[in-house]
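Q: My structure is stored as upload-v8.cif, with mmCIF, C-alpha atoms.
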data_start
#
loop_
_atom_site.label_atom_id
_atom_site.label_comp_id
_atom_site.auth_asym_id
_atom_site.auth_seq_id
_atom_site.Cartn_x
_atom_site.Cartn_y
_atom_site.Cartn_z
CA MET A 22 35.13 15.49 7.99
CA ASN A 23 36.34 16.77 11.32
CA LEU A 24 37.15 15.06 14.56
CA PHE A 25 33.68 15.38 16.02
CA SER A 26 31.69 14.53 12.94
CA PHE A 27 30.94 11.04 14.16
CA VAL A 28 29.69 12.33 17.50
CA ARG A 29 27.25 14.76 15.96
CA LYS A 30 24.40 12.75 14.61
CA PRO A 31 23.15 14.18 11.33
CA ARG A 32 19.70 15.63 11.80
CA PRO A 33 17.16 13.51 9.94
CA THR A 34 15.65 15.33 7.02
CA GLN A 35 11.91 14.82 6.83
CA THR A 36 11.66 14.84 3.08
CA ALA A 37 9.20 11.97 2.65
CA GLN A 38 6.26 14.26 3.42
CA THR A 39 7.44 16.70 0.74
CA ALA A 40 7.63 13.84 -1.75
CA LYS A 41 4.10 12.75 -0.92
CA ASP A 42 2.68 16.28 -1.15
CA ARG A 43 4.35 16.96 -4.49
CA LEU A 44 3.07 13.70 -5.93
CA GLN A 45 -0.46 14.26 -4.75
CA ILE A 46 -0.66 17.69 -6.35
CA LEU A 47 0.95 16.59 -9.59
CA LEU A 48 -1.08 13.42 -10.02
CA ALA A 49 -4.33 15.20 -9.27
CA HIS A 50 -3.61 17.34 -12.32
CA GLU A 51 -2.33 14.57 -14.53
CA ARG A 52 -5.30 12.35 -13.80
CA SER A 53 -7.95 15.01 -14.33
CA SER A 54 -6.79 16.18 -17.72
CA GLY A 55 -4.23 13.72 -18.90
CA THR A 56 -0.71 14.83 -19.65
CA ALA A 57 -1.78 17.02 -22.53
CA GLU A 58 -2.82 19.66 -20.04
CA ALA A 59 0.04 22.11 -20.46
CA ASP A 60 0.18 21.66 -24.22
CA TYR A 61 -1.88 24.77 -24.82
CA LEU A 62 0.62 27.08 -23.16
CA PRO A 63 2.90 27.56 -26.20
CA MET A 64 -0.15 28.19 -28.39
CA LEU A 65 -1.51 30.63 -25.88
CA GLN A 66 1.80 32.44 -25.86
CA ARG A 67 1.76 32.68 -29.66
CA ASP A 68 -1.78 34.03 -29.72
CA ILE A 69 -1.03 36.62 -27.07
CA ILE A 70 2.00 37.84 -29.00
CA ALA A 71 -0.07 38.07 -32.18
CA ALA A 72 -2.85 39.99 -30.40
CA ILE A 73 -0.52 42.51 -28.81
CA ARG A 74 1.42 43.03 -32.01
CA LYS A 75 -1.69 44.43 -33.62
CA TYR A 76 -1.24 47.45 -31.38
CA VAL A 77 2.32 47.52 -30.04
CA PRO A 78 5.53 46.17 -31.54
CA ILE A 79 6.90 43.42 -29.27
CA GLY A 80 9.37 40.59 -29.73
CA GLU A 81 8.96 36.84 -29.22
CA GLN A 82 10.81 37.01 -25.94
CA ASP A 83 8.70 39.77 -24.44
CA VAL A 84 5.82 37.55 -23.40
CA ASP A 85 6.39 35.22 -20.50
CA VAL A 86 3.71 32.67 -19.67
CA ARG A 87 3.95 30.73 -16.43
CA MET A 88 1.69 28.19 -14.84
CA GLU A 89 1.67 27.63 -11.11
CA ARG A 90 -0.17 24.51 -10.07
CA GLY A 91 -1.56 24.51 -6.58
CA ASP A 92 -3.55 22.08 -4.50
CA GLN A 93 -6.82 24.00 -4.54
CA MET A 94 -6.31 26.30 -7.52
CA SER A 95 -3.83 27.02 -10.25
CA SER A 96 -2.80 30.39 -11.56
CA LEU A 97 -1.67 31.53 -14.95
CA GLU A 98 0.77 34.38 -14.93
CA ILE A 99 1.39 36.33 -18.11
CA ASN A 100 4.05 39.02 -18.18
CA ILE A 101 4.31 41.27 -21.20
CA GLU A 102 7.23 43.59 -21.46
CA LEU A 103 6.68 46.75 -23.48
CA HIS A 104 9.71 48.58 -24.76
CA GLY A 105 10.17 52.30 -25.00
CA ALA A 106 9.10 55.05 -22.66
CA ALA A 107 5.48 55.60 -21.78
CA PRO A 108 3.80 58.06 -24.18
CA PRO A 109 3.78 61.63 -22.86
CA ARG A 110 0.60 62.55 -21.07
CA LYS A 111 -1.53 65.21 -22.55
CA PRO A 112 -1.67 68.25 -20.31
CA VAL A 113 -5.04 68.60 -18.71
CA MET B 28 8.36 -27.90 -0.98
CA THR B 29 5.93 -29.19 -3.54
CA THR B 30 7.20 -29.23 -7.07
CA GLU B 31 4.80 -31.70 -8.58
CA ALA B 32 2.41 -30.21 -11.04
CA LYS B 33 -1.20 -30.10 -9.99
CA LYS B 34 -3.30 -32.43 -12.05
CA ASP B 35 -6.37 -30.28 -12.70
CA ALA B 36 -6.95 -28.23 -15.83
CA PRO B 37 -4.48 -25.36 -16.02
CA LEU B 38 -5.58 -22.02 -14.58
CA GLY B 39 -4.18 -20.07 -17.53
CA ARG B 40 -3.82 -16.74 -15.72
CA VAL B 41 -1.74 -14.07 -17.44
CA ILE B 42 0.09 -11.77 -15.02
CA VAL B 43 2.07 -8.77 -16.24
CA ILE B 44 4.91 -7.41 -14.14
CA THR B 45 5.20 -3.75 -15.09
CA SER B 46 6.26 -0.36 -13.72
CA GLY B 47 6.86 2.33 -16.30
CA LYS B 48 10.13 3.35 -14.74
CA GLY B 49 13.22 1.26 -15.31
CA GLY B 50 15.45 -0.22 -12.67
CA VAL B 51 12.78 -0.67 -10.02
CA GLY B 52 12.93 -4.46 -10.00
CA LYS B 53 10.59 -5.79 -12.70
CA THR B 54 12.86 -8.58 -13.87
CA THR B 55 13.96 -9.49 -10.34
CA SER B 56 10.30 -9.61 -9.34
CA SER B 57 9.27 -11.58 -12.44
CA ALA B 58 11.93 -14.17 -11.66
CA ALA B 59 11.07 -14.34 -7.98
CA ILE B 60 7.31 -14.47 -8.52
CA SER B 61 7.44 -17.09 -11.26
CA ALA B 62 9.84 -19.25 -9.25
CA GLY B 63 7.65 -18.77 -6.18
CA LEU B 64 4.53 -19.88 -8.09
CA ALA B 65 6.35 -22.89 -9.50
CA LYS B 66 7.64 -23.77 -6.04
CA GLN B 67 4.03 -23.91 -4.84
CA GLY B 68 3.34 -26.48 -7.53
CA PHE B 69 1.79 -24.25 -10.18
CA LYS B 70 2.98 -24.88 -13.69
CA THR B 71 4.46 -21.52 -14.57
CA VAL B 72 6.12 -19.88 -17.55
CA VAL B 73 7.84 -16.51 -17.46
CA ILE B 74 8.15 -14.54 -20.72
CA ASP B 75 10.68 -11.78 -21.39
CA PHE B 76 8.98 -8.96 -23.36
CA ASP B 77 12.04 -6.71 -23.38
CA VAL B 78 12.95 -7.32 -27.01
CA GLY B 79 16.52 -6.30 -27.78
CA LEU B 80 17.55 -6.07 -24.14
CA ARG B 81 17.31 -9.66 -23.01
CA ASN B 82 17.98 -10.03 -19.28
CA LEU B 83 15.49 -12.40 -17.73
CA ASP B 84 17.65 -15.31 -18.92
CA MET B 85 20.57 -14.04 -16.82
CA ILE B 86 18.47 -13.50 -13.71
CA MET B 87 17.00 -16.99 -14.13
CA GLY B 88 20.46 -18.43 -14.80
CA CYS B 89 19.66 -20.01 -18.16
CA GLU B 90 21.50 -17.60 -20.46
CA ARG B 91 23.67 -20.33 -21.93
CA ARG B 92 20.73 -22.50 -22.87
CA VAL B 93 18.91 -20.05 -25.13
CA VAL B 94 18.53 -21.38 -28.65
CA PHE B 95 15.24 -20.06 -29.97
CA ASP B 96 13.31 -17.10 -28.61
CA PHE B 97 9.89 -15.51 -28.35
CA ILE B 98 10.33 -13.62 -31.64
CA ASN B 99 11.38 -16.79 -33.50
CA VAL B 100 8.11 -18.34 -32.37
CA ILE B 101 6.03 -15.30 -33.34
CA GLN B 102 7.60 -15.30 -36.79
CA GLY B 103 7.12 -19.03 -37.22
CA ASP B 104 10.83 -19.89 -37.28
CA ALA B 105 10.54 -22.17 -34.27
CA LYS B 106 7.88 -24.08 -32.41
CA LEU B 107 6.88 -22.85 -28.95
CA LYS B 108 8.08 -26.13 -27.41
CA GLN B 109 11.55 -25.58 -28.87
CA ALA B 110 11.85 -22.09 -27.43
CA LEU B 111 10.67 -22.90 -23.90
CA ILE B 112 13.56 -23.50 -21.52
CA LYS B 113 12.87 -25.87 -18.67
CA ASP B 114 14.27 -24.70 -15.36
CA LYS B 115 16.89 -27.00 -13.85
CA ARG B 116 15.75 -26.43 -10.26
CA LEU B 117 11.97 -26.62 -10.52
CA GLU B 118 10.27 -28.91 -12.95
CA THR B 119 7.12 -26.80 -13.04
CA LEU B 120 9.01 -23.70 -14.21
CA PHE B 121 9.71 -22.65 -17.80
CA ILE B 122 11.34 -19.59 -19.33
CA LEU B 123 10.56 -18.06 -22.71
CA PRO B 124 13.46 -15.74 -23.51
CA THR B 125 13.27 -12.82 -25.86
CA SER B 126 15.40 -11.88 -28.83
CA GLN B 127 18.61 -9.97 -28.28
CA THR B 128 18.94 -8.80 -31.86
CA ARG B 129 15.46 -7.80 -33.02
CA ASP B 130 13.54 -4.71 -32.04
CA LYS B 131 10.17 -4.17 -30.43
CA ASP B 132 8.33 -3.94 -33.74
CA ALA B 133 8.79 -7.68 -34.07
CA LEU B 134 6.06 -8.06 -31.43
CA THR B 135 2.64 -8.22 -33.01
CA LYS B 136 -0.68 -8.32 -31.21
CA GLU B 137 -1.72 -11.40 -33.18
CA GLY B 138 1.55 -13.19 -32.54
CA VAL B 139 1.47 -12.50 -28.81
CA GLU B 140 -2.19 -13.51 -28.60
CA GLN B 141 -1.55 -16.81 -30.34
CA ILE B 142 1.40 -17.72 -28.13
CA LEU B 143 -0.48 -16.78 -24.97
CA ALA B 144 -3.43 -18.91 -26.08
CA GLU B 145 -1.12 -21.88 -26.53
CA LEU B 146 0.52 -21.32 -23.15
CA LYS B 147 -2.83 -20.88 -21.38
CA ALA B 148 -3.81 -24.38 -22.41
CA GLU B 149 -0.83 -25.78 -20.59
CA PHE B 150 0.22 -23.46 -17.78
CA ASP B 151 -1.39 -22.23 -14.57
CA TYR B 152 0.46 -18.91 -14.59
CA ILE B 153 1.98 -16.99 -17.47
CA VAL B 154 4.16 -14.23 -16.07
CA CYS B 155 4.99 -11.44 -18.52
CA ASP B 156 8.11 -9.45 -17.69
CA SER B 157 7.46 -6.03 -19.22
CA PRO B 158 10.17 -3.71 -20.50
CA ALA B 159 10.45 -0.25 -18.95
CA GLY B 160 8.62 2.61 -20.59
CA ILE B 161 5.16 2.71 -22.12
CA GLU B 162 6.10 1.92 -25.71
CA ARG B 163 5.18 -1.08 -27.82
CA GLY B 164 6.98 -3.71 -25.74
CA ALA B 165 5.28 -2.60 -22.55
CA GLN B 166 1.91 -2.29 -24.30
CA MET B 167 2.20 -5.81 -25.68
CA ALA B 168 3.20 -7.21 -22.29
CA MET B 169 0.11 -5.75 -20.60
CA TYR B 170 -2.45 -6.05 -23.38
CA TYR B 171 -3.69 -9.59 -22.71
CA ALA B 172 -3.11 -9.60 -18.95
CA ASP B 173 -5.67 -10.79 -16.41
CA GLU B 174 -3.69 -9.38 -13.52
CA ALA B 175 -0.97 -6.78 -13.11
CA VAL B 176 1.78 -6.38 -10.58
CA VAL B 177 2.96 -2.77 -10.63
CA VAL B 178 6.48 -2.70 -9.22
CA THR B 179 7.10 0.59 -7.43
CA ASN B 180 9.92 2.10 -5.38
CA PRO B 181 9.00 4.58 -2.62
CA GLU B 182 10.41 7.42 -4.67
CA VAL B 183 8.68 10.23 -6.59
CA SER B 184 9.53 9.31 -10.20
CA SER B 185 8.67 5.66 -9.71
CA VAL B 186 5.32 6.45 -8.07
CA ARG B 187 4.44 8.91 -10.81
CA ASP B 188 5.24 6.37 -13.53
CA SER B 189 3.29 3.67 -11.72
CA ASP B 190 0.28 5.97 -11.69
CA ARG B 191 0.63 6.43 -15.43
CA VAL B 192 0.91 2.68 -15.97
CA LEU B 193 -2.18 2.07 -13.84
CA GLY B 194 -4.00 4.48 -16.16
CA LEU B 195 -2.86 2.49 -19.20
CA LEU B 196 -3.86 -0.81 -17.59
CA SER B 197 -7.38 0.49 -17.17
CA SER B 198 -7.66 1.88 -20.70
CA GLN B 199 -5.21 0.32 -23.19
CA THR B 200 -5.72 -3.38 -22.60
CA LYS B 201 -7.91 -6.14 -23.96
CA ARG B 202 -9.95 -6.30 -20.77
CA ALA B 203 -10.42 -2.53 -20.82
CA GLU B 204 -11.55 -2.60 -24.45
CA THR B 205 -13.91 -5.56 -24.05
CA GLU B 206 -17.41 -4.55 -23.09
CA GLY B 207 -18.50 -6.20 -19.85
CA ALA B 208 -15.09 -7.75 -19.11
CA GLU B 209 -13.81 -7.62 -15.58
CA PRO B 210 -11.03 -5.02 -15.38
CA ILE B 211 -7.42 -6.12 -14.88
CA LYS B 212 -6.72 -6.81 -11.23
CA ALA B 213 -3.82 -4.46 -10.52
CA GLN B 214 -1.77 -4.58 -7.35
CA VAL B 215 1.29 -2.69 -6.17
CA LEU B 216 4.50 -4.44 -5.20
CA LEU B 217 6.62 -2.00 -3.24
CA THR B 218 10.30 -2.83 -3.66
CA ARG B 219 13.56 -1.50 -2.21
CA TYR B 220 11.72 -0.49 0.92
CA ASP B 221 14.01 0.68 3.70
CA GLN B 222 12.27 0.70 7.09
CA ALA B 223 15.08 2.65 8.76
CA ARG B 224 14.82 5.47 6.23
CA VAL B 225 11.03 5.43 6.53
CA ASP B 226 11.37 5.74 10.30
CA SER B 227 13.64 8.75 9.97
CA GLY B 228 11.22 10.45 7.59
CA GLU B 229 13.46 10.20 4.54
CA MET B 230 11.37 7.71 2.64
CA MET B 231 7.66 7.56 1.88
CA THR B 232 5.79 4.94 3.88
CA VAL B 233 3.75 2.05 2.46
CA GLU B 234 0.62 3.96 3.44
CA ASP B 235 1.81 7.12 1.64
CA VAL B 236 2.34 5.23 -1.61
CA LEU B 237 -0.96 3.33 -1.36
CA GLU B 238 -2.85 6.52 -0.60
CA ILE B 239 -1.45 8.09 -3.76
CA LEU B 240 -1.88 5.13 -6.09
CA ALA B 241 -5.15 3.86 -4.61
CA VAL B 242 -4.70 0.19 -5.54
CA PRO B 243 -4.30 -2.87 -3.30
CA LEU B 244 -0.89 -3.88 -1.99
CA LEU B 245 0.57 -7.20 -3.08
CA GLY B 246 3.64 -7.00 -0.91
CA VAL B 247 6.56 -5.01 0.42
CA ILE B 248 10.05 -6.19 -0.52
CA PRO B 249 12.74 -4.74 1.74
CA GLU B 250 15.98 -3.39 0.34
CA SER B 251 18.22 -6.40 0.65
CA LYS B 252 21.71 -7.52 -0.22
CA ALA B 253 20.25 -10.91 -1.08
CA ILE B 254 18.86 -9.50 -4.36
CA LEU B 255 22.21 -8.62 -5.91
CA LYS B 256 23.75 -11.78 -4.57
CA ALA B 257 21.03 -13.90 -6.18
CA SER B 258 21.28 -12.08 -9.51
CA ASN B 259 25.07 -12.48 -9.51
CA VAL B 260 24.65 -16.24 -9.59
CA GLY B 261 21.50 -16.39 -11.70
CA THR B 262 19.15 -17.69 -9.05
CA PRO B 263 15.68 -16.26 -8.48
CA VAL B 264 15.80 -14.83 -4.97
CA VAL B 265 13.17 -17.25 -3.62
CA LEU B 266 15.35 -20.21 -4.62
CA ASP B 267 18.43 -18.78 -2.96
CA GLU B 268 19.07 -19.05 0.76
CA PRO B 269 16.34 -17.50 2.94
CA SER B 270 16.45 -13.73 3.36
CA ALA B 271 14.03 -10.96 4.28
CA ALA B 272 13.53 -10.36 0.54
CA SER B 273 12.86 -14.00 -0.30
CA ARG B 274 10.33 -14.28 2.52
CA ALA B 275 8.61 -11.11 1.34
CA TYR B 276 8.42 -12.46 -2.22
CA GLU B 277 7.02 -15.75 -1.00
CA ASP B 278 4.32 -13.92 0.93
CA ALA B 279 3.51 -11.86 -2.17
CA VAL B 280 3.25 -15.04 -4.25
CA SER B 281 0.86 -16.57 -1.73
CA ARG B 282 -1.33 -13.47 -1.91
CA LEU B 283 -1.27 -13.71 -5.70
CA THR B 284 -2.69 -17.21 -5.49
CA GLY B 285 -5.45 -16.01 -3.19
CA THR B 286 -4.06 -16.99 0.20
CA GLN B 287 -4.47 -14.47 3.00
CA VAL B 288 -1.06 -13.65 4.42
CA GLU B 289 -0.47 -11.03 7.05
CA MET B 290 1.57 -8.09 5.76
CA ARG B 291 4.87 -8.07 7.60
CA ILE B 292 7.61 -5.66 6.80
CA GLN B 293 10.89 -7.14 7.72
CA GLY B 294 14.17 -5.40 7.20
CA GLU B 295 17.53 -6.99 6.94
CA ARG B 296 19.09 -7.52 10.33
CA ARG B 297 20.98 -4.39 11.14
CA PRO B 298 24.50 -4.88 12.40
CA GLY B 299 24.85 -4.47 16.15
CA LEU B 300 27.02 -1.90 17.86
CA PHE B 301 29.96 -4.24 18.25
CA GLN B 302 29.79 -5.38 14.67
CA ARG B 303 29.76 -1.79 13.50
CA LEU B 304 32.69 -0.81 15.68
CA PHE B 305 34.57 -3.82 14.49
CA LYS B 306 33.85 -2.99 10.87
CA ARG B 307 35.05 0.57 11.34
CA ALA B 308 38.30 -0.61 12.88
CA SER B 309 39.03 -3.10 10.15
#
What's the structure tokens form of this structure?
A:
Amino acid sequence: MNLFSFVRKPRPTQTAQTAKDRLQILLAHERSSGTAEADYLPMLQRDIIAAIRKYVPIGEQDVDVRMERGDQMSSLEINIELHGAAPPRKPV
Amino acid sequence: MTTEAKKDAPLGRVIVITSGKGGVGKTTSSAAISAGLAKQGFKTVVIDFDVGLRNLDMIMGCERRVVFDFINVIQGDAKLKQALIKDKRLETLFILPTSQTRDKDALTKEGVEQILAELKAEFDYIVCDSPAGIERGAQMAMYYADEAVVVTNPEVSSVRDSDRVLGLLSSQTKRAETEGAEPIKAQVLLTRYDQARVDSGEMMTVEDVLEILAVPLLGVIPESKAILKASNVGTPVVLDEPSAASRAYEDAVSRLTGTQVEMRIQGERRPGLFQRLFKRAS
């Protein structure tokens, strides 16, 4: 605390609107599909790993599944990391 | 103040005070609402459903008079009349404390139903103080309710939990399961409301919370020093000296009994400039 800290009024932080927006988005999801909604993500991750392993060797940690919930739409992002260099291209 | 019991047949309304989240003011509100109802002349009993974590007795100031409890009655070890504690301030008010040593499994649907049936024959209002969470204790407290007061703070986790509880009230209760029954009348009681923080945009407004939860508003209880003071001495806030909080609870109680009362949001009187300067200097 410095000498002038009581003179400078702290700027009000308008966080109430953020709270309301976050709640509205979250509850819209929870109400529509219950709380079990995200339960399929671990299973999905397992299935994806199993499917890819049929063709390429990958580890448990190489698949990253993320869900981004939005107001209008949600997106599912799946990142699969493949190890090793790309196979050499056949000369044309 | 009318404290004489009304002579007609008892109303027998079961009201659950619930919230999901802990620490939002369920027990404080249960004590204030039941005392407020009794003060208006309604014969009222308030039941503590928080088995194992007894606290209503302290807030009501009768902790040294507990002999038998709710669980003793359910298990047939005591008669209901023996377990009911008569309030020393209002003769229309009774407290049914819970057990401090048993766990929530001691609550059975049949046991609760039987006790409520007995109480309905004698009381106008049966106020059920729910434990936090959505486990057995909370389920039992809400199962037989006719009305629900969902205590909510203007804060994200509390609002989210209230939404969840509203979902349970409309699906996991006797009224919800009974074909053709009128659904539980659920209303929000917004507590710890701080008008100054709302004005500066730090706290969600009454309208924000109602828009999200989409249920009627029973009342707005301002953040108030009177609450802690009343609980320190074991007096329901409406029986303590008048404060913004006690007035807000009394308004909420009137609305609960069907009286139209204008919604006024009153904060505690903020200290004036001189008072603040004086405080800083001291």
Q: Would you give me, as JSON, numbers by chain, the residues of chain A that come within 8 Å of chain B, using all atoms listed in the file?
A: {"A": [33, 34, 35, 36, 37, 38, 40, 41, 44, 45, 48]}
Q: For atom CA of Glu149 of chain B and atom CA of Pro37 of chain B, determine how far apart the two atoms are, in Å to one decimal place.
A: 5.9 Å
Q: Considering only C-alpha atoms, can you say which of B:Met290, B:Ala272, B:Ile101, B:Leu195 comes closest to Val233 of chain B?
A: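 Smallest distance to Val233 of chain B is found for B:Met290.
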Q: Please report the interatomic distance between atom CA of Leu123 of chain B and atom CA of Ala253 of chain B in Å with one decimal.
A: 24.8 Å
Q: Evaluated on this file, the PyMOL selection byres ((chain A and resi 61-70) around 9) picks out some residues - which ones are they, written as a PyMOL selection string?
A: chain A and resi 57-60+71-75+79-81+83-88+99+101
Q: Those residues you just picked out, can you put them in a file as a PDB file, keeping the file's coordinate frame with C-alpha atoms?
A:
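Saved as result.pdb:
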ATOM      1  CA  ALA A  57      -1.780  17.020 -22.530  1.00  0.00           C
ATOM      2  CA  GLU A  58      -2.820  19.660 -20.040  1.00  0.00           C
ATOM      3  CA  ALA A  59       0.040  22.110 -20.460  1.00  0.00           C
ATOM      4  CA  ASP A  60       0.180  21.660 -24.220  1.00  0.00           C
ATOM      5  CA  ALA A  71      -0.070  38.070 -32.180  1.00  0.00           C
ATOM      6  CA  ALA A  72      -2.850  39.990 -30.400  1.00  0.00           C
ATOM      7  CA  ILE A  73      -0.520  42.510 -28.810  1.00  0.00           C
ATOM      8  CA  ARG A  74       1.420  43.030 -32.010  1.00  0.00           C
ATOM      9  CA  LYS A  75      -1.690  44.430 -33.620  1.00  0.00           C
ATOM     10  CA  ILE A  79       6.900  43.420 -29.270  1.00  0.00           C
ATOM     11  CA  GLY A  80       9.370  40.590 -29.730  1.00  0.00           C
ATOM     12  CA  GLU A  81       8.960  36.840 -29.220  1.00  0.00           C
ATOM     13  CA  ASP A  83       8.700  39.770 -24.440  1.00  0.00           C
ATOM     14  CA  VAL A  84       5.820  37.550 -23.400  1.00  0.00           C
ATOM     15  CA  ASP A  85       6.390  35.220 -20.500  1.00  0.00           C
ATOM     16  CA  VAL A  86       3.710  32.670 -19.670  1.00  0.00           C
ATOM     17  CA  ARG A  87       3.950  30.730 -16.430  1.00  0.00           C
ATOM     18  CA  MET A  88       1.690  28.190 -14.840  1.00  0.00           C
ATOM     19  CA  ILE A  99       1.390  36.330 -18.110  1.00  0.00           C
ATOM     20  CA  ILE A 101       4.310  41.270 -21.200  1.00  0.00           C
TER      21      ILE A 101
END
Q: Please compute the atom CA of Leu266 of chain B-atom CA of Val93 of chain B distance, one decimal, in Å.
A: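 Between atom CA of Leu266 of chain B and atom CA of Val93 of chain B the gap works out to 20.8 Å.
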Q: Neighbouring residues of Glu90 of chain B were defined as those with any atom within 10 Å, considering all atoms listed in the file; residues of the same chain fewer than 3 positions away were excluded. Please report them as a PyMOL selection string.
A: chain B and resi 81-87+93-94+112+124+261
Q: Do a neighbour search on Met94 of chain A at 12 Å with all atoms listed in the file, toss out local chain neighbours closer than 6 positions, and write the hits as a PyMOL selection string.
A: chain A and resi 46+49-50+88
Q: Suppose a student applies the PyMOL selection byres ((chain B and resi 50) around 12) to this structure; what residues should they get, written as a ChimeraX atom specification?
A: /B:45-49,51-56,157-160,178-180,184-185,218-219
Q: Take the point (15.4, -8.5, 4.7) in the file's coordinates, draw a sphere of radius 12 Å around it, and report as a ChimeraX atom specification every protein, DNA or RNA residue with an atom inside or on it, counting all atoms listed in the file.
A: /B:218-223,247-254,264,268-276,291-297
Q: What residues come out when you apply the PyMOL selection byres ((chain B and resi 99) around 12) to this file, written as number ranges by chain?
A: B: 78, 93-98, 100-111, 123-129, 133-134, 138-139, 142
